[in-house]
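This report refers to the structure that appears directly beneath it.
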Amino acid sequence: MPPKSVRHPPPTTSTALQSLWNAYNDQTSDRLKFVDAFLFFLILSGVIQFVYCILVTNFPFNAFLAGFSSTVGQFVLTASLRAQVNPENKHEFKDVSPERAFADFALGSIVLHFFVYNFLG
C-alpha cells in the first residue's frame with residue numbers, strides 16, 4: 001500500500017503577508033527602511049488631510065490644496081530618492097551617487113516648499 005500523502009493547507013493571505021514582511025526585514029537596509037517609514041508617514045498625512053477636507057471643512061481651500069500638494073510632492077521626491085539610493089538600482093543610476101541623490105532631494109524639497117508657502121498667500 002502506498003504511503004498516504006500529507007496535504008498541506010493552501011497558503012492564505014496572512015502567510016503571504018508574513019512572508020513578504022519577513023523578506024522585507026531581512027533584505028532591506030536600514031537606510032531604505034527609514035525612507036519607507038517617511039513615505040508611510042506622508043501617505044498617512046495625505047489621507048488624514050483628505051478625510052478632514054471631506055468630513056469637516058475645506059474653508060480655506062487654498063490651504064488644503066497647499067498642504068495636500070506639499071504632501072504629494074514630498075512623496076514623489078522621496079520615492080525618487082529611494083529609487084536612486086537603492087543598491088539594486090545601481091545599474092540604472094550609474095552617474096548618481098547617494099550624496100548627489102540626497103542633495104537633489106533636499107534642493108527639490110526646498111523649491112517645493114517655497115512654492116507651497118507662496119501659494120498660501
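In the C-alpha cells, each chain is lettered A, B, ... as it comes, each chain's residues begin at 1, and ligands are numbered from 1 in order of appearance.
Using only C-alpha atoms, the residues found no farther than 12 Å from A:Asp36, other than those of its own chain fewer than 3 positions away, are Tyr24, Asn25, Thr28, Ser29, Asp30, Arg31, Leu32, Lys33, Leu39, Phe40, Phe41, Leu42, Ile43, Phe75, Thr78, Ala79, Ser80, Leu81, Arg82, Ala83 and Asn86 of chain A.
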What residues in chain A get the DSSP label alpha helix (DSSP H)? Please answer as a compact mmCIF listing (two decimals) with N, CA and C atoms, in the first residue's frame.
```txt
# COMPACT_ATOMS: atom_id res chain seq x y z
N THR A 13 -3.76 34.45 2.88
CA THR A 13 -3.28 35.82 2.75
C THR A 13 -2.35 36.18 3.90
N SER A 14 -2.67 35.72 5.09
CA SER A 14 -1.84 36.07 6.24
C SER A 14 -0.44 35.47 6.12
N THR A 15 -0.33 34.25 5.61
CA THR A 15 1.01 33.67 5.45
C THR A 15 1.77 34.38 4.33
N ALA A 16 1.06 34.81 3.31
CA ALA A 16 1.73 35.56 2.23
C ALA A 16 2.24 36.90 2.75
N LEU A 17 1.43 37.59 3.54
CA LEU A 17 1.86 38.87 4.10
C LEU A 17 3.01 38.68 5.09
N GLN A 18 2.95 37.60 5.88
CA GLN A 18 4.03 37.31 6.82
C GLN A 18 5.33 37.02 6.07
N SER A 19 5.23 36.29 4.98
CA SER A 19 6.40 36.00 4.17
C SER A 19 6.98 37.27 3.54
N LEU A 20 6.09 38.14 3.06
CA LEU A 20 6.52 39.42 2.49
C LEU A 20 7.21 40.27 3.55
N TRP A 21 6.63 40.33 4.75
CA TRP A 21 7.20 41.14 5.83
C TRP A 21 8.57 40.60 6.25
N ASN A 22 8.69 39.28 6.34
CA ASN A 22 9.98 38.69 6.72
C ASN A 22 11.05 38.96 5.66
N ALA A 23 10.68 38.85 4.39
CA ALA A 23 11.64 39.13 3.31
C ALA A 23 12.05 40.60 3.32
N TYR A 24 11.09 41.49 3.58
CA TYR A 24 11.40 42.92 3.65
C TYR A 24 12.37 43.21 4.78
N ASN A 25 12.13 42.64 5.96
CA ASN A 25 13.02 42.87 7.11
C ASN A 25 14.41 42.29 6.89
N ASP A 26 14.49 41.16 6.20
CA ASP A 26 15.77 40.50 6.01
C ASP A 26 16.61 41.15 4.91
N GLN A 27 15.96 41.62 3.84
CA GLN A 27 16.70 42.05 2.66
C GLN A 27 16.81 43.55 2.46
N ASP A 30 18.71 49.36 6.54
CA ASP A 30 18.09 50.29 7.49
C ASP A 30 17.85 51.65 6.87
N ARG A 31 18.72 52.07 5.98
CA ARG A 31 18.57 53.36 5.31
C ARG A 31 17.27 53.39 4.50
N LEU A 32 17.02 52.32 3.76
CA LEU A 32 15.79 52.27 2.95
C LEU A 32 14.56 52.10 3.83
N LYS A 33 14.69 51.41 4.95
CA LYS A 33 13.55 51.28 5.87
C LYS A 33 13.17 52.65 6.45
N PHE A 34 14.18 53.47 6.71
CA PHE A 34 13.91 54.82 7.22
C PHE A 34 13.17 55.65 6.16
N VAL A 35 13.59 55.55 4.91
CA VAL A 35 12.92 56.27 3.83
C VAL A 35 11.50 55.73 3.66
N ASP A 36 11.32 54.43 3.78
CA ASP A 36 9.98 53.84 3.68
C ASP A 36 9.07 54.31 4.81
N ALA A 37 9.62 54.46 6.00
CA ALA A 37 8.83 54.97 7.13
C ALA A 37 8.36 56.40 6.84
N PHE A 38 9.22 57.21 6.26
CA PHE A 38 8.83 58.57 5.91
C PHE A 38 7.76 58.56 4.80
N LEU A 39 7.89 57.65 3.84
CA LEU A 39 6.87 57.52 2.80
C LEU A 39 5.53 57.13 3.41
N PHE A 40 5.54 56.20 4.38
CA PHE A 40 4.31 55.81 5.05
C PHE A 40 3.70 56.99 5.80
N PHE A 41 4.54 57.79 6.47
CA PHE A 41 4.05 58.98 7.16
C PHE A 41 3.39 59.95 6.18
N LEU A 42 3.99 60.14 5.01
CA LEU A 42 3.42 61.05 4.02
C LEU A 42 2.08 60.55 3.51
N ILE A 43 1.96 59.24 3.29
CA ILE A 43 0.68 58.68 2.86
C ILE A 43 -0.37 58.91 3.94
N LEU A 44 -0.02 58.62 5.18
CA LEU A 44 -0.95 58.80 6.29
C LEU A 44 -1.35 60.27 6.43
N SER A 45 -0.41 61.16 6.30
CA SER A 45 -0.70 62.59 6.39
C SER A 45 -1.64 63.04 5.27
N GLY A 46 -1.41 62.57 4.05
CA GLY A 46 -2.28 62.92 2.94
C GLY A 46 -3.69 62.39 3.11
N VAL A 47 -3.81 61.17 3.60
CA VAL A 47 -5.15 60.59 3.83
C VAL A 47 -5.88 61.38 4.92
N ILE A 48 -5.19 61.72 5.99
CA ILE A 48 -5.83 62.49 7.07
C ILE A 48 -6.28 63.86 6.56
N GLN A 49 -5.46 64.53 5.77
CA GLN A 49 -5.85 65.83 5.21
C GLN A 49 -7.07 65.70 4.32
N PHE A 50 -7.09 64.67 3.48
CA PHE A 50 -8.20 64.48 2.56
C PHE A 50 -9.49 64.16 3.32
N VAL A 51 -9.42 63.28 4.30
CA VAL A 51 -10.60 62.92 5.08
C VAL A 51 -11.10 64.14 5.86
N TYR A 52 -10.19 64.92 6.42
CA TYR A 52 -10.59 66.14 7.13
C TYR A 52 -11.31 67.11 6.19
N CYS A 53 -10.79 67.24 4.98
CA CYS A 53 -11.40 68.14 4.00
C CYS A 53 -12.81 67.67 3.65
N ILE A 54 -13.02 66.38 3.53
CA ILE A 54 -14.34 65.85 3.17
C ILE A 54 -15.31 65.91 4.35
N LEU A 55 -14.86 65.49 5.53
CA LEU A 55 -15.78 65.36 6.66
C LEU A 55 -16.01 66.65 7.42
N PHE A 61 -9.74 76.80 1.08
CA PHE A 61 -9.45 75.74 0.11
C PHE A 61 -8.01 75.80 -0.37
N ASN A 62 -7.47 77.02 -0.48
CA ASN A 62 -6.08 77.10 -0.92
C ASN A 62 -5.13 76.50 0.13
N ALA A 63 -5.50 76.55 1.41
CA ALA A 63 -4.69 75.92 2.45
C ALA A 63 -4.72 74.40 2.29
N PHE A 64 -5.90 73.85 1.99
CA PHE A 64 -5.98 72.41 1.75
C PHE A 64 -5.16 72.02 0.53
N LEU A 65 -5.31 72.79 -0.54
CA LEU A 65 -4.55 72.48 -1.75
C LEU A 65 -3.05 72.57 -1.52
N ALA A 66 -2.63 73.57 -0.77
CA ALA A 66 -1.20 73.72 -0.49
C ALA A 66 -0.69 72.56 0.36
N GLY A 67 -1.41 72.21 1.41
CA GLY A 67 -0.98 71.12 2.27
C GLY A 67 -0.98 69.78 1.56
N PHE A 68 -2.03 69.51 0.80
CA PHE A 68 -2.13 68.23 0.11
C PHE A 68 -1.11 68.13 -1.01
N SER A 69 -0.92 69.23 -1.76
CA SER A 69 0.08 69.19 -2.83
C SER A 69 1.49 69.11 -2.26
N SER A 70 1.71 69.69 -1.09
CA SER A 70 3.01 69.56 -0.43
C SER A 70 3.26 68.10 -0.05
N THR A 71 2.24 67.43 0.46
CA THR A 71 2.39 66.03 0.83
C THR A 71 2.65 65.16 -0.39
N VAL A 72 1.89 65.37 -1.45
CA VAL A 72 2.07 64.58 -2.68
C VAL A 72 3.44 64.87 -3.30
N GLY A 73 3.82 66.13 -3.37
CA GLY A 73 5.12 66.49 -3.94
C GLY A 73 6.27 65.91 -3.14
N GLN A 74 6.16 65.96 -1.82
CA GLN A 74 7.22 65.39 -0.98
C GLN A 74 7.28 63.88 -1.14
N PHE A 75 6.11 63.24 -1.31
CA PHE A 75 6.10 61.80 -1.55
C PHE A 75 6.83 61.45 -2.85
N VAL A 76 6.57 62.22 -3.89
CA VAL A 76 7.22 61.96 -5.18
C VAL A 76 8.73 62.15 -5.07
N LEU A 77 9.15 63.21 -4.40
CA LEU A 77 10.59 63.44 -4.23
C LEU A 77 11.24 62.33 -3.40
N THR A 78 10.56 61.88 -2.36
CA THR A 78 11.11 60.84 -1.50
C THR A 78 11.15 59.50 -2.23
N ALA A 79 10.12 59.20 -3.01
CA ALA A 79 10.13 57.95 -3.79
C ALA A 79 11.27 57.97 -4.80
N SER A 80 11.53 59.13 -5.38
CA SER A 80 12.65 59.26 -6.31
C SER A 80 13.98 59.05 -5.58
N LEU A 81 14.10 59.61 -4.38
CA LEU A 81 15.30 59.40 -3.58
C LEU A 81 15.50 57.92 -3.27
N ARG A 82 14.41 57.24 -2.90
CA ARG A 82 14.50 55.82 -2.57
C ARG A 82 14.97 55.01 -3.79
N ALA A 83 14.45 55.35 -4.95
CA ALA A 83 14.85 54.63 -6.16
C ALA A 83 16.33 54.85 -6.47
N GLN A 84 16.82 56.05 -6.21
CA GLN A 84 18.21 56.37 -6.56
C GLN A 84 19.21 55.80 -5.57
N VAL A 85 18.85 55.65 -4.30
CA VAL A 85 19.80 55.15 -3.32
C VAL A 85 19.68 53.64 -3.11
N PRO A 98 24.84 58.39 -3.90
CA PRO A 98 23.82 58.63 -2.87
C PRO A 98 23.85 60.06 -2.33
N GLU A 99 25.04 60.63 -2.23
CA GLU A 99 25.14 62.02 -1.76
C GLU A 99 24.51 62.99 -2.74
N ARG A 100 24.74 62.74 -4.03
CA ARG A 100 24.14 63.59 -5.07
C ARG A 100 22.62 63.44 -5.07
N ALA A 101 22.14 62.20 -4.89
CA ALA A 101 20.69 61.96 -4.84
C ALA A 101 20.07 62.71 -3.67
N PHE A 102 20.74 62.68 -2.51
CA PHE A 102 20.20 63.40 -1.36
C PHE A 102 20.24 64.91 -1.56
N ALA A 103 21.28 65.41 -2.20
CA ALA A 103 21.36 66.85 -2.48
C ALA A 103 20.23 67.26 -3.43
N ASP A 104 19.95 66.46 -4.44
CA ASP A 104 18.82 66.74 -5.34
C ASP A 104 17.50 66.73 -4.58
N PHE A 105 17.35 65.75 -3.67
CA PHE A 105 16.15 65.65 -2.85
C PHE A 105 15.98 66.89 -1.97
N ALA A 106 17.05 67.32 -1.34
CA ALA A 106 16.99 68.49 -0.45
C ALA A 106 16.66 69.75 -1.23
N LEU A 107 17.32 69.95 -2.38
CA LEU A 107 17.04 71.14 -3.19
C LEU A 107 15.61 71.11 -3.72
N GLY A 108 15.15 69.96 -4.19
CA GLY A 108 13.77 69.83 -4.67
C GLY A 108 12.77 70.10 -3.57
N SER A 109 13.06 69.65 -2.35
CA SER A 109 12.16 69.89 -1.22
C SER A 109 12.09 71.38 -0.88
N ILE A 110 13.24 72.05 -0.93
CA ILE A 110 13.24 73.48 -0.65
C ILE A 110 12.43 74.24 -1.69
N VAL A 111 12.61 73.91 -2.95
CA VAL A 111 11.85 74.58 -4.02
C VAL A 111 10.36 74.27 -3.88
N LEU A 112 10.02 73.03 -3.61
CA LEU A 112 8.61 72.64 -3.43
C LEU A 112 7.97 73.44 -2.32
N HIS A 113 8.63 73.51 -1.18
CA HIS A 113 8.02 74.21 -0.05
C HIS A 113 8.03 75.73 -0.23
N PHE A 114 8.93 76.25 -1.03
CA PHE A 114 8.88 77.67 -1.38
C PHE A 114 7.60 77.96 -2.16
N PHE A 115 7.28 77.12 -3.14
CA PHE A 115 6.05 77.32 -3.91
C PHE A 115 4.80 77.10 -3.07
N VAL A 116 4.84 76.13 -2.18
CA VAL A 116 3.69 75.88 -1.29
C VAL A 116 3.47 77.08 -0.39
N TYR A 117 4.52 77.64 0.17
CA TYR A 117 4.41 78.81 1.03
C TYR A 117 3.85 80.00 0.26
N ASN A 118 4.30 80.18 -0.97
CA ASN A 118 3.78 81.28 -1.77
C ASN A 118 2.32 81.05 -2.15
N PHE A 119 1.92 79.81 -2.33
CA PHE A 119 0.53 79.52 -2.67
C PHE A 119 -0.41 79.85 -1.52
N LEU A 120 0.08 79.72 -0.28
CA LEU A 120 -0.75 80.03 0.88
C LEU A 120 -1.12 81.50 0.93
```
